[in-house]
$ cat work_36.cif   # mmCIF, C-alpha atoms
data_entry
loop_
_atom_site.label_atom_id
_atom_site.label_comp_id
_atom_site.auth_asym_id
_atom_site.auth_seq_id
_atom_site.Cartn_x
_atom_site.Cartn_y
_atom_site.Cartn_z
CA MET A 1 5.49 -15.23 2.98
CA ASP A 2 9.23 -15.59 2.46
CA ALA A 3 11.86 -14.40 4.94
CA GLN A 4 12.39 -11.07 3.17
CA ALA A 5 8.67 -10.27 3.15
CA LEU A 6 8.44 -11.15 6.84
CA LEU A 7 11.34 -8.92 7.82
CA GLU A 8 9.74 -6.05 5.91
CA GLN A 9 6.93 -6.19 8.49
CA ALA A 10 9.35 -5.29 11.30
CA PRO A 11 8.60 -1.87 12.83
CA ASP A 12 12.30 -0.98 12.63
CA GLY A 13 15.72 -2.40 11.75
CA ARG A 14 16.57 -3.32 15.33
CA VAL A 15 13.53 -5.58 15.64
CA ALA A 16 14.37 -7.19 12.29
CA SER A 17 17.97 -7.92 13.36
CA SER A 18 16.91 -9.28 16.74
CA ALA A 19 14.26 -11.48 15.14
CA THR A 20 16.80 -12.95 12.73
CA ARG A 21 19.14 -13.87 15.60
CA LEU A 22 16.31 -15.17 17.76
CA ALA A 23 14.99 -17.41 14.98
CA GLY A 24 18.18 -19.43 15.15
CA SER A 25 18.36 -19.72 18.95
CA SER A 26 17.70 -22.88 20.96
CA GLY A 27 15.28 -21.17 23.34
CA TRP A 28 12.16 -22.37 21.55
CA GLN A 29 9.83 -25.16 22.54
CA GLY A 30 6.27 -26.33 21.86
CA THR A 31 6.18 -24.94 18.34
CA GLY A 32 3.41 -26.08 16.02
CA ARG A 33 0.92 -25.06 13.40
CA SER A 34 -2.64 -25.55 12.21
CA ASP A 35 -4.47 -24.32 9.15
CA THR A 36 -5.13 -21.03 10.89
CA ALA A 37 -2.23 -20.34 13.26
CA LEU A 38 1.41 -20.76 14.29
CA TRP A 39 2.50 -20.90 17.93
CA GLY A 40 5.46 -21.51 20.17
CA LEU A 41 7.07 -20.79 23.54
CA CYS A 42 10.23 -18.68 23.63
CA LYS A 43 12.58 -18.48 26.62
CA GLY A 44 12.85 -14.92 27.90
CA SER A 45 14.45 -13.16 30.84
CA GLY A 46 11.70 -14.20 33.26
CA LYS A 47 10.70 -17.50 34.83
CA ASN A 48 8.00 -18.35 32.29
CA PRO A 49 8.59 -18.48 28.53
CA TYR A 50 6.79 -16.04 26.30
CA GLN A 51 3.67 -17.34 24.57
CA VAL A 52 3.84 -16.38 20.89
CA CYS A 53 1.17 -17.00 18.25
CA VAL A 54 0.34 -15.80 14.74
CA ASP A 55 -3.00 -15.76 12.92
CA LEU A 56 -2.21 -17.01 9.41
CA GLY A 57 -5.31 -15.30 8.03
CA ASP A 58 -4.00 -11.74 8.30
CA ARG A 59 -0.61 -12.31 10.02
CA ALA A 60 -1.80 -10.65 13.23
CA THR A 61 0.40 -11.61 16.19
CA LYS A 62 0.15 -12.03 19.95
CA CYS A 63 3.04 -12.30 22.40
CA SER A 64 3.16 -12.20 26.19
CA CYS A 65 6.44 -10.24 26.17
CA PRO A 66 6.38 -6.61 27.40
CA SER A 67 7.48 -5.11 24.07
CA ARG A 68 5.37 -2.26 22.70
CA LYS A 69 6.47 -2.84 19.14
CA PHE A 70 4.22 -4.77 16.77
CA PRO A 71 5.04 -7.26 15.56
CA CYS A 72 7.66 -7.93 18.23
CA LYS A 73 10.91 -9.82 17.60
CA HIS A 74 9.46 -13.05 19.05
CA ALA A 75 6.49 -13.05 16.64
CA LEU A 76 8.75 -12.39 13.66
CA ALA A 77 11.27 -15.02 14.79
CA LEU A 78 8.51 -17.62 15.14
CA GLN A 79 7.44 -17.02 11.54
CA LEU A 80 11.03 -17.08 10.30
CA ARG A 81 11.55 -20.48 11.92
CA ASP A 82 8.45 -21.79 10.18
CA VAL A 83 9.67 -20.44 6.82
CA ARG A 84 13.04 -22.15 7.21
CA GLU A 85 11.52 -25.45 8.28
CA PRO A 86 7.71 -25.69 8.48
CA PHE A 87 6.40 -26.64 11.91
CA PRO A 88 4.61 -29.96 12.26
CA ALA A 89 0.82 -29.93 12.47
CA ALA A 90 -0.27 -30.25 16.08
CA GLU A 91 -3.26 -29.82 18.35
CA THR A 92 -3.88 -26.15 19.00
CA PRO A 93 -3.09 -25.16 22.63
CA ASP A 94 -5.90 -23.66 24.67
CA TRP A 95 -4.21 -20.27 24.95
CA VAL A 96 -3.97 -20.01 21.16
CA THR A 97 -7.58 -21.13 20.66
CA GLU A 98 -8.76 -18.58 23.21
CA TRP A 99 -6.91 -15.77 21.43
CA LEU A 100 -8.28 -16.78 18.02
CA ASN A 101 -11.81 -16.98 19.41
CA ARG A 102 -11.50 -13.50 20.92
CA ARG A 103 -10.38 -12.14 17.55
CA ASN A 104 -13.25 -13.83 15.77
CA ARG A 105 -15.79 -12.48 18.26
CA ALA A 106 -14.38 -8.97 17.90
CA ALA A 107 -14.55 -9.24 14.11
CA THR A 108 -18.17 -10.44 14.14
CA PRO A 109 -20.55 -7.49 14.42
CA ALA A 110 -23.53 -7.74 16.71
CA ALA A 111 -26.87 -8.35 15.04
CA ALA A 112 -28.41 -5.04 14.07
CA ASP A 113 -31.95 -4.05 14.98
CA GLU A 114 -33.83 -4.36 11.68
CA SER A 115 -37.16 -2.98 12.85
CA PRO A 116 -38.61 -0.26 10.57
CA GLU A 117 -38.07 2.36 13.27
CA ALA A 118 -34.42 1.41 13.73
CA VAL A 119 -33.77 1.33 9.98
CA GLU A 120 -35.32 4.78 9.57
CA ARG A 121 -33.37 6.11 12.56
CA ARG A 122 -30.09 4.87 11.11
CA ALA A 123 -30.93 6.33 7.70
CA ARG A 124 -31.63 9.75 9.24
CA ALA A 125 -28.41 9.62 11.26
CA LYS A 126 -26.43 8.64 8.16
CA GLU A 127 -27.97 11.46 6.15
CA LYS A 128 -27.24 13.96 8.91
CA THR A 129 -23.62 12.78 9.17
CA ALA A 130 -23.16 13.01 5.39
CA LEU A 131 -24.58 16.54 5.30
CA SER A 132 -22.33 17.62 8.16
CA ARG A 133 -19.32 16.17 6.36
CA GLU A 134 -20.21 17.95 3.11
CA THR A 135 -20.51 21.26 4.97
CA ALA A 136 -17.18 20.76 6.71
CA VAL A 137 -15.38 19.86 3.47
CA ARG A 138 -16.82 22.92 1.69
CA ALA A 139 -15.45 25.10 4.48
CA GLY A 140 -12.10 23.35 4.18
CA VAL A 141 -11.99 23.94 0.42
CA ALA A 142 -12.76 27.64 0.98
CA GLY A 143 -9.88 27.85 3.45
CA LEU A 144 -7.55 26.05 1.06
CA THR A 145 -8.51 28.44 -1.77
CA ASP A 146 -7.56 31.43 0.39
CA TRP A 147 -4.28 29.73 1.32
CA LEU A 148 -3.45 29.02 -2.32
CA GLY A 149 -4.14 32.68 -3.12
CA ASP A 150 -1.72 33.75 -0.38
CA VAL A 151 0.96 31.38 -1.70
CA ALA A 152 0.51 32.70 -5.23
CA GLY A 153 0.71 36.28 -4.01
CA ALA A 154 3.88 35.72 -1.99
CA GLY A 155 5.54 33.59 -4.69
CA LEU A 156 7.12 30.15 -4.60
CA ALA A 157 10.53 31.51 -3.64
CA GLY A 158 9.30 32.18 -0.11
CA LEU A 159 8.15 28.62 0.58
CA PRO A 160 11.52 27.22 1.81
CA ALA A 161 11.58 29.87 4.54
CA ARG A 162 8.21 28.80 5.94
CA ASP A 163 8.49 27.00 9.27
CA ALA A 164 6.86 23.73 10.25
CA ALA A 165 4.07 25.50 12.18
CA TRP A 166 2.94 27.31 9.02
CA TRP A 167 2.59 24.05 7.09
CA HIS A 168 1.02 22.27 10.03
CA SER A 169 -1.61 24.99 10.39
CA ILE A 170 -3.14 24.46 6.92
CA GLN A 171 -2.85 20.68 7.17
CA ALA A 172 -4.64 20.73 10.54
CA ARG A 173 -7.41 22.87 9.03
CA MET A 174 -7.93 20.30 6.28
CA VAL A 175 -8.01 17.45 8.81
CA ASP A 176 -10.51 19.36 10.96
CA ALA A 177 -12.59 19.87 7.82
CA GLN A 178 -12.61 16.09 7.30
CA ALA A 179 -10.80 16.56 3.97
CA LYS A 180 -7.84 14.28 4.58
CA GLY A 181 -7.15 14.04 0.86
CA LEU A 182 -6.41 17.76 0.81
CA ALA A 183 -4.25 17.48 3.94
CA SER A 184 -2.19 14.74 2.27
CA ALA A 185 -1.80 16.84 -0.88
CA VAL A 186 -0.53 19.82 1.13
CA ASP A 187 1.88 17.52 2.95
CA GLU A 188 3.19 16.34 -0.43
CA VAL A 189 3.95 19.95 -1.38
CA ARG A 190 5.70 20.46 1.96
CA GLY A 191 7.82 17.37 1.36
CA ILE A 192 8.87 18.59 -2.10
CA VAL A 193 9.90 21.98 -0.72
CA ALA A 194 11.78 20.42 2.20
CA ALA A 195 13.66 18.00 -0.08
CA GLY A 196 14.92 20.84 -2.27
CA GLY A 197 16.93 20.00 -5.36
CA PRO A 198 17.03 21.67 -8.78
CA ARG A 199 13.38 20.81 -9.61
CA TRP A 200 11.66 21.65 -6.35
CA ALA A 201 10.00 24.84 -7.62
CA HIS A 202 8.74 23.12 -10.78
CA ASP A 203 7.36 20.16 -8.82
CA ALA A 204 5.82 22.36 -6.12
CA ALA A 205 4.12 24.52 -8.76
CA ASP A 206 2.76 21.39 -10.41
CA ARG A 207 1.28 20.10 -7.14
CA LEU A 208 -0.14 23.52 -6.21
CA GLY A 209 -1.76 23.73 -9.64
CA GLY A 210 -3.31 20.32 -9.04
CA LEU A 211 -4.64 21.51 -5.68
CA HIS A 212 -6.16 24.60 -7.32
CA LEU A 213 -7.88 22.42 -9.92
CA LEU A 214 -9.21 20.11 -7.23
CA ALA A 215 -10.58 23.05 -5.24
CA ARG A 216 -12.32 24.41 -8.37
CA LEU A 217 -13.94 21.03 -9.06
CA SER A 218 -14.70 20.15 -5.42
CA SER A 219 -18.50 20.34 -5.84
CA SER A 220 -18.49 17.71 -8.61
CA PRO A 221 -20.07 14.32 -7.81
CA ASP A 222 -17.39 12.60 -9.90
CA PRO A 223 -15.98 9.65 -7.86
CA VAL A 224 -12.40 10.63 -8.72
CA ILE A 225 -12.91 14.14 -7.31
CA ARG A 226 -14.64 12.75 -4.23
CA ARG A 227 -11.82 10.32 -3.57
CA ARG A 228 -9.17 13.03 -3.98
CA LEU A 229 -10.98 15.20 -1.44
CA GLY A 230 -10.93 12.36 1.07
CA PHE A 231 -14.40 10.82 0.73
CA SER A 232 -14.20 7.04 0.83
CA VAL A 233 -16.41 4.02 0.27
CA ALA A 234 -16.55 1.41 3.05
CA GLU A 235 -14.67 -1.76 2.17
CA GLU A 236 -17.62 -3.86 3.34
CA GLU A 237 -19.84 -2.05 0.84
CA VAL A 238 -17.34 -2.72 -1.96
CA ARG A 239 -17.07 -6.41 -1.06
CA ALA A 240 -20.86 -6.68 -1.18
CA GLY A 241 -20.77 -5.50 -4.79
CA PRO A 242 -19.68 -7.34 -7.95
CA GLY A 243 -16.23 -8.91 -8.08
CA TRP A 244 -13.67 -9.62 -10.77
CA SER A 245 -12.51 -13.21 -11.00
CA ASP A 246 -9.05 -13.55 -12.50
CA ARG A 247 -5.48 -14.72 -12.07
CA TRP A 248 -3.75 -11.90 -10.21
CA ALA A 249 -0.01 -11.20 -9.96
CA PRO A 250 1.05 -8.51 -7.44
CA LEU A 251 4.29 -7.16 -8.95
CA LEU A 252 4.80 -3.58 -7.71
CA LYS A 253 4.43 -1.97 -4.30
CA VAL A 254 5.26 1.17 -2.38
CA GLU A 255 5.04 2.02 1.32
CA SER A 256 4.35 5.42 2.84
CA ASP A 257 4.08 6.89 6.33
CA ASP A 258 2.29 10.16 7.12
CA GLY A 259 3.33 10.07 10.77
CA LEU A 260 0.05 8.55 11.93
CA VAL A 261 -0.71 5.76 9.51
CA ARG A 262 1.53 3.53 7.45
CA THR A 263 0.20 2.46 4.06
CA VAL A 264 1.26 -0.20 1.59
CA ARG A 265 -0.03 -0.11 -1.98
CA GLN A 266 0.26 -3.03 -4.38
CA TRP A 267 -0.17 -2.80 -8.13
CA VAL A 268 -1.59 -6.12 -9.25
CA TRP A 269 -1.76 -7.43 -12.82
CA GLY A 270 -4.93 -9.30 -13.79
CA ARG A 271 -4.91 -11.48 -16.89
CA ALA A 272 -8.33 -10.21 -17.98
CA HIS A 273 -8.54 -6.90 -16.11
CA GLY A 274 -5.09 -5.30 -16.34
CA TRP A 275 -3.64 -3.26 -13.49
CA VAL A 276 -5.52 -2.73 -10.21
CA VAL A 277 -4.35 -1.34 -6.85
CA ALA A 278 -4.77 -3.03 -3.46
CA VAL A 279 -4.23 -0.91 -0.34
CA ARG A 280 -3.77 -1.69 3.34
CA HIS A 281 -3.22 0.68 6.28
CA ALA A 282 -1.82 0.22 9.79
CA GLY A 283 -1.78 2.66 12.69
CA GLY A 284 -0.20 2.69 16.11
CA GLY A 285 3.33 2.15 14.81
CA GLY A 286 2.45 -1.14 13.11
CA ARG A 287 3.59 -2.05 9.63
CA PRO A 288 0.84 -3.14 7.24
CA VAL A 289 1.01 -6.56 5.61
CA PRO A 290 0.50 -6.35 1.83
CA PRO A 291 -3.07 -7.34 0.89
CA LEU A 292 -1.75 -10.12 -1.36
CA THR A 293 1.39 -12.24 -1.09
CA HIS A 294 3.81 -10.14 -3.08
CA GLY A 295 5.26 -11.72 -6.20
CA VAL A 296 2.98 -14.77 -6.03
CA GLN A 297 0.15 -15.28 -8.52
CA VAL A 298 -3.21 -16.05 -6.97
CA GLU A 299 -6.58 -17.04 -8.40
CA GLY A 300 -9.57 -15.36 -6.86
CA VAL A 301 -11.98 -12.45 -6.74
CA LEU A 302 -11.13 -8.78 -6.24
CA HIS A 303 -13.89 -6.20 -5.84
CA PRO A 304 -13.40 -2.82 -7.58
CA TYR A 305 -14.05 0.50 -5.87
CA PRO A 306 -15.87 3.22 -7.84
CA GLY A 307 -13.53 5.23 -10.02
CA VAL A 308 -11.34 4.88 -13.05
CA PRO A 309 -8.48 2.51 -14.00
CA PRO A 310 -6.32 1.42 -12.39
CA HIS A 311 -9.15 0.64 -9.96
CA ARG A 312 -8.56 0.29 -6.26
CA VAL A 313 -9.80 -3.15 -5.18
CA ALA A 314 -10.87 -4.95 -2.03
CA VAL A 315 -9.66 -8.52 -1.65
CA GLY A 316 -12.41 -11.13 -1.81
CA GLU A 317 -12.22 -14.91 -1.86
CA LEU A 318 -8.84 -16.28 -2.95
CA SER A 319 -7.80 -19.81 -3.85
CA ALA A 320 -4.66 -21.36 -5.31
CA GLU A 321 -1.30 -19.60 -5.19
CA ARG A 322 1.43 -20.35 -7.68
CA GLN A 323 4.45 -18.78 -9.34
CA PRO A 324 3.49 -15.98 -11.75
CA GLU A 325 2.94 -16.74 -15.42
CA PRO A 326 4.52 -14.50 -18.08
CA VAL A 327 3.07 -10.98 -18.14
CA PRO A 328 2.84 -9.09 -21.46
CA ALA A 329 4.83 -5.87 -21.75
CA PRO A 330 4.76 -3.14 -24.44
CA ALA A 331 7.44 -3.44 -27.09
CA SER A 332 8.84 0.06 -26.48
CA TRP A 333 8.85 2.89 -23.95
CA ARG A 334 6.99 5.05 -26.48
CA ALA A 335 4.13 2.56 -26.59
CA ALA A 336 4.19 2.14 -22.80
CA LEU A 337 3.99 5.90 -22.13
CA ALA A 338 1.29 6.38 -24.77
CA GLY A 339 -0.81 3.86 -22.88
CA LEU A 340 -0.95 6.19 -19.87
CA GLU A 341 -2.96 8.86 -21.71
CA GLU A 342 -6.35 7.43 -20.77
CA CYS A 343 -5.42 7.18 -17.08
CA LEU A 344 -4.09 10.75 -16.98
CA ARG A 345 -7.20 12.13 -18.66
CA ALA A 346 -9.41 10.32 -16.15
CA ASP A 347 -7.35 11.24 -13.06
CA PRO A 348 -4.84 14.08 -13.62
CA TRP A 349 -3.81 13.93 -9.94
CA LEU A 350 -2.42 10.41 -10.31
CA ARG A 351 1.35 10.52 -9.70
CA LEU A 352 2.45 6.89 -9.86
CA HIS A 353 1.80 4.72 -12.91
CA PRO A 354 2.59 1.04 -13.47
CA LEU A 355 4.78 0.86 -16.55
CA GLY A 356 6.43 -2.03 -18.35
CA CYS A 357 8.62 -2.59 -21.38
CA ALA A 358 9.92 -5.71 -23.08
CA SER A 359 13.58 -6.46 -23.69
CA VAL A 360 15.41 -3.50 -22.14
CA ARG A 361 19.06 -3.18 -21.19
CA VAL A 362 20.77 -1.04 -18.57
CA THR A 363 23.16 1.67 -19.75
CA GLU A 364 26.77 1.61 -18.55
CA ASP A 365 26.13 4.37 -16.02
CA THR A 366 23.04 2.42 -14.78
CA GLY A 367 21.02 5.60 -15.26
CA GLN A 368 18.59 4.42 -17.94
CA LEU A 369 16.79 1.39 -19.32
CA VAL A 370 17.03 1.33 -23.12
CA ASP A 371 14.46 -0.47 -25.28
CA GLU A 372 15.06 -2.18 -28.61
CA GLU A 373 14.31 1.06 -30.48
CA GLY A 374 17.22 2.68 -28.67
CA ARG A 375 15.10 4.97 -26.51
CA GLY A 376 15.93 5.20 -22.82
CA LEU A 377 13.88 5.85 -19.71
CA ARG A 378 15.50 7.10 -16.53
CA VAL A 379 15.60 4.47 -13.78
CA ARG A 380 16.14 4.96 -10.06
CA SER A 381 19.48 3.67 -8.86
CA ASP A 382 18.64 1.58 -5.82
CA SER A 383 18.73 -1.96 -4.44
CA ALA A 384 15.95 -3.05 -6.83
CA LEU A 385 18.10 -2.15 -9.83
CA ASP A 386 21.09 -3.89 -8.24
CA GLN A 387 19.03 -7.02 -7.75
CA ALA A 388 17.76 -6.86 -11.34
CA LEU A 389 21.33 -6.70 -12.62
CA ALA A 390 22.30 -9.63 -10.43
CA LEU A 391 19.37 -11.70 -11.73
CA THR A 392 19.86 -10.87 -15.41
CA GLY A 393 23.65 -10.72 -15.56
CA GLY A 394 23.52 -7.58 -17.70
CA ASP A 395 21.47 -9.23 -20.47
CA ARG A 396 18.24 -7.76 -21.81
CA PHE A 397 15.15 -8.30 -19.68
CA ASP A 398 11.48 -7.39 -19.46
CA ALA A 399 10.93 -4.67 -16.84
CA TRP A 400 8.00 -3.35 -14.83
CA GLY A 401 8.06 -0.47 -12.40
CA LEU A 402 6.31 2.64 -11.07
CA TRP A 403 6.75 5.78 -13.17
CA ASN A 404 6.45 9.17 -11.44
CA GLY A 405 6.98 11.31 -14.53
CA ARG A 406 10.74 11.55 -14.10
CA GLU A 407 12.12 8.12 -13.30
CA LEU A 408 11.10 4.49 -13.03
CA HIS A 409 11.22 2.70 -9.68
CA LEU A 410 11.92 -0.86 -10.81
CA GLY A 411 9.70 -3.51 -9.23
CA ALA A 412 9.84 -6.72 -11.29
CA VAL A 413 11.94 -8.24 -14.06
CA ALA A 414 11.88 -11.30 -16.27
CA THR A 415 13.93 -12.92 -18.97
CA PRO A 416 12.34 -11.77 -22.26
CA GLY A 417 8.95 -13.42 -22.45
CA GLY A 418 9.44 -15.22 -19.14
CA ALA A 419 7.69 -15.14 -15.77
CA PRO A 420 8.33 -12.00 -13.69
CA GLU A 421 10.25 -11.97 -10.42
CA VAL A 422 9.82 -9.09 -7.98
CA VAL A 423 12.91 -7.08 -7.06
CA GLY A 424 11.44 -4.14 -5.16
#
$ encode --input "work_36.cif" --output "structure tokens"
Amino acid sequence: MDAQALLEQAPDGRVASSATRLAGSSGWQGTGRSDTALWGLCKGSGKNPYQVCVDLGDRATKCSCPSRKFPCKHALALQLRDVREPFPAAETPDWVTEWLNRRNRAATPAAADESPEAVERRARAKEKTALSRETAVRAGVAGLTDWLGDVAGAGLAGLPARDAAWWHSIQARMVDAQAKGLASAVDEVRGIVAAGGPRWAHDAADRLGGLHLLARLSSSPDPVIRRRLGFSVAEEEVRAGPGWSDRWAPLLKVESDDGLVRTVRQWVWGRAHGWVVAVRHAGGGGRPVPPLTHGVQVEGVLHPYPGVPPHRVAVGELSAERQPEPVPAPASWRAALAGLEECLRADPWLRLHPLGCASVRVTEDTGQLVDEEGRGLRVRSDSALDQALALTGGDRFDAWGLWNGRELHLGAVATPGGAPEVVG
């Protein structure tokens, strides 16, 4: 991970700033690394230095400081120092080995009782749990249908006057019904109404229509419907299934926070498999590390979840990392948008789409990216666009980003026909 990617893992800006300053201080000693960990001692306010270590497998951290923020500034600073000048390989201290062993023991499940009686008992319990969940979700859908009827009867114009308790009430009902997908969809409507703007009523009506369609189709066994309701497949089960071996380039990502869990989603381009999505969550105020090193091509196996393209994937065995190779992009925005038809037919609730176009230029007002046919697509004006302009010097470039139906959030650029570089 580079310095920018590391600082993105900070729980807030203050931790990021403190970590940057601390990385350059002289209060460090005993730093070192192995194939699996980084470690070091950092002088603090007390008599004994803080013991800081990082598991290189998943970037989990441990520090003896009293901070309640994860990762803390010491753990981030240790990694920043290693990025600037890699630590020498050294013998792993006992306190680091002990921590790694504890993590490994916790990650290793106890051997299950495989006697016929135990297997049958677990099967009955699983069936009972599944039936209870189905019953709860059906009740939640019925409650949502009544709520949608009330909203339709009162009209969209009354939504901005609704207080937080009104929105929270229906979201809580969906959570209690174990239909978190519906709770998230309601929260999306709430966010659109709260944000306001000239299109809020149009966008809110669109989302409410999608919710109505989902409620009507809720009894379908289709995996897309099930996933939208909140049913999920265990990652271990997915990893046990078939995998896709390919060269993967994670180019686009977006982070979200629902107040309880932070989520990072990566759109990854596979040479033979096209776009897939890798997801990682973190609770307790932590910030999730992207499943794959962002912007770096990796060879390995990703396991697809049930569903339709772009498939969600679980990360399997990975090998060599290298700079990305050139990624093909449609010749025009018309061709790029036409390519989304299949995805929209398969999953009409999908709101973000990976989209690319070859040889575009930025208009003078930086509001659009224009292809070689002269057609423009609205682009979000943000730091990613600024970085793209700095990298390309205003010349034409290949562009990839996330399209939400109104504007493109730029994520990667390349000189025409060249290797992509992430900017967002």
$ closest_atom_pairs --input "work_36.cif" --of "region 75-154 of chain A" --to "region 205-213 of chain A" --cutoff "10 Å" --atoms "only C-alpha atoms" --output "tab-separated table"
residue	atom	partner	partner_atom	distance
A:Val141	CA	A:His212	CA	9.7
A:Leu144	CA	A:His212	CA	8.6
A:Thr145	CA	A:His212	CA	7.1
A:Leu148	CA	A:His212	CA	7.2
A:Gly149	CA	A:His212	CA	9.3
A:Val151	CA	A:Leu208	CA	9.1
A:Ala152	CA	A:Leu208	CA	9.3
$ atom_distance --input "work_36.cif" --atom1 "CA of Ala179 (chain A)" --atom2 "CA of Pro310 (chain A)"
22.7 Å
$ closest_residue --input "work_36.cif" --among "A:Arg312, A:Arg265, A:Arg14, A:Lys47" --to "Leu402 (chain A)" --atoms "all atoms listed in the file"
A:Arg265
$ atom_distance --input "work_36.cif" --atom1 "CA of Ser26 (chain A)" --atom2 "CA of His74 (chain A)"
13.0 Å
$ residues_around --input "work_36.cif" --residues "Thr415 (chain A)" --least-positions-apart "5" --cutoff "10 Å" --atoms "all atoms listed in the file" --output "list of chain:residue names"
A:Pro326, A:Ala358, A:Ser359, A:Leu391, A:Thr392, A:Asp395, A:Arg396, A:Phe397, A:Asp398, A:Ala399, A:Pro420, A:Glu421
$ residues_around --input "work_36.cif" --residues "Leu410 (chain A)" --least-positions-apart "4" --cutoff "9 Å" --atoms "all atoms listed in the file" --output "CSV table (one decimal) with C-alpha atoms, keeping the file's coordinate frame"
chain,number,residue,atom,x,y,z
A,252,LEU,CA,4.8,-3.6,-7.7
A,379,VAL,CA,15.6,4.5,-13.8
A,380,ARG,CA,16.1,5.0,-10.1
A,382,ASP,CA,18.6,1.6,-5.8
A,384,ALA,CA,16.0,-3.0,-6.8
A,385,LEU,CA,18.1,-2.2,-9.8
A,388,ALA,CA,17.8,-6.9,-11.3
A,399,ALA,CA,10.9,-4.7,-16.8
A,400,TRP,CA,8.0,-3.4,-14.8
A,401,GLY,CA,8.1,-0.5,-12.4
A,402,LEU,CA,6.3,2.6,-11.1
A,403,TRP,CA,6.8,5.8,-13.2
A,422,VAL,CA,9.8,-9.1,-8.0
A,423,VAL,CA,12.9,-7.1,-7.1
A,424,GLY,CA,11.4,-4.1,-5.2
$ closest_atom_pairs --input "work_36.cif" --of "region 55-166 of chain A" --to "region 277-284 of chain A" --cutoff "12 Å" --atoms "all atoms listed in the file" --output "CSV"
residue,atom,partner,partner_atom,distance
A:Asp58,CA,A:Arg280,CA,11.2
A:Ala60,CA,A:Ala282,CA,11.4
A:Arg68,CA,A:Gly284,CA,9.9
A:Lys69,CA,A:Gly284,CA,9.2
A:Phe70,CA,A:Gly284,CA,8.7
A:Pro71,CA,A:Gly284,CA,11.3
$ resolve_selection --input "work_36.cif" --expression "the PyMOL selection byres ((chain A and resi 191) around 12)" --output "PyMOL selection string"
chain A and resi 159-160+164+167+184-190+192-197+200-201+203-204+207+258
$ atom_distance --input "work_36.cif" --atom1 "CA of Leu377 (chain A)" --atom2 "CA of Arg199 (chain A)"
18.1 Å
$ closest_residue --input "work_36.cif" --among "A:Ala106, A:Trp349, A:Val296, A:Leu76" --to "Asp12 (chain A)" --atoms "only C-alpha atoms"
A:Leu76
$ resolve_selection --input "work_36.cif" --expression "the PyMOL selection byres ((chain A and resi 224-239) around 10)" --output "MDAnalysis selection string"
chainID A and resid 133:134 137 140:141 174:175 178:185 211 214:215 217:223 240:243 301:308 313:317 346:350
$ axis_aligned_box --input "work_36.cif" --around "region 294-306 of chain A" --padding-each-side "3 Å" --output "lines of an AutoDock Vina configuration file"
center_x = -5.3
center_y = -6.9
center_z = -5.8
size_x = 27.1
size_y = 26.3
size_z = 11.4
$ resolve_selection --input "work_36.cif" --expression "the PyMOL selection byres ((chain A and resi 78) around 12)" --output "ChimeraX atom specification"
/A:3,6-7,18-25,27-33,37-42,50-55,59,61-63,71-77,79-87
$ residues_around --input "work_36.cif" --residues "Leu251 (chain A)" --least-positions-apart "2" --cutoff "7 Å" --atoms "only C-alpha atoms" --output "list in words"
Ala249, Lys253, Trp267, Val268, His294, Gly295, Gly411, Ala412 and Val422 of chain A
$ closest_residue --input "work_36.cif" --among "A:Glu114, A:Asp35, A:Asp2, A:Pro309" --to "Glu342 (chain A)" --atoms "only C-alpha atoms"
A:Pro309
$ residues_around --input "work_36.cif" --residues "Gly270 (chain A)" --least-positions-apart "4" --cutoff "8 Å" --atoms "all atoms listed in the file" --output "list in words"
Asp246, Arg247, Trp248, Ala249, Gly274, Trp275 and Val276 of chain A
$ residues_near_point --input "work_36.cif" --point "(24.9, -0.7, -22.1)" --cutoff "12 Å" --atoms "all atoms listed in the file" --output "list of chain:residue names"
A:Val360, A:Arg361, A:Val362, A:Thr363, A:Glu364, A:Asp365, A:Thr366, A:Gly367, A:Gln368, A:Leu369, A:Val370, A:Asp371, A:Glu372, A:Gly374, A:Gly376, A:Leu389, A:Gly394, A:Asp395, A:Arg396
$ closest_residue --input "work_36.cif" --among "A:Arg122, A:Arg271, A:Ser34, A:Cys357" --to "Val96 (chain A)" --atoms "all atoms listed in the file"
A:Ser34
$ closest_residue --input "work_36.cif" --among "A:Gly300, A:Gly158, A:Gly57, A:Gly153" --to "Ser245 (chain A)" --atoms "all atoms listed in the file"
A:Gly300
$ closest_residue --input "work_36.cif" --among "A:Asp386, A:Asn48, A:Arg378, A:Gly405" --to "Leu344 (chain A)" --atoms "all atoms listed in the file"
A:Gly405
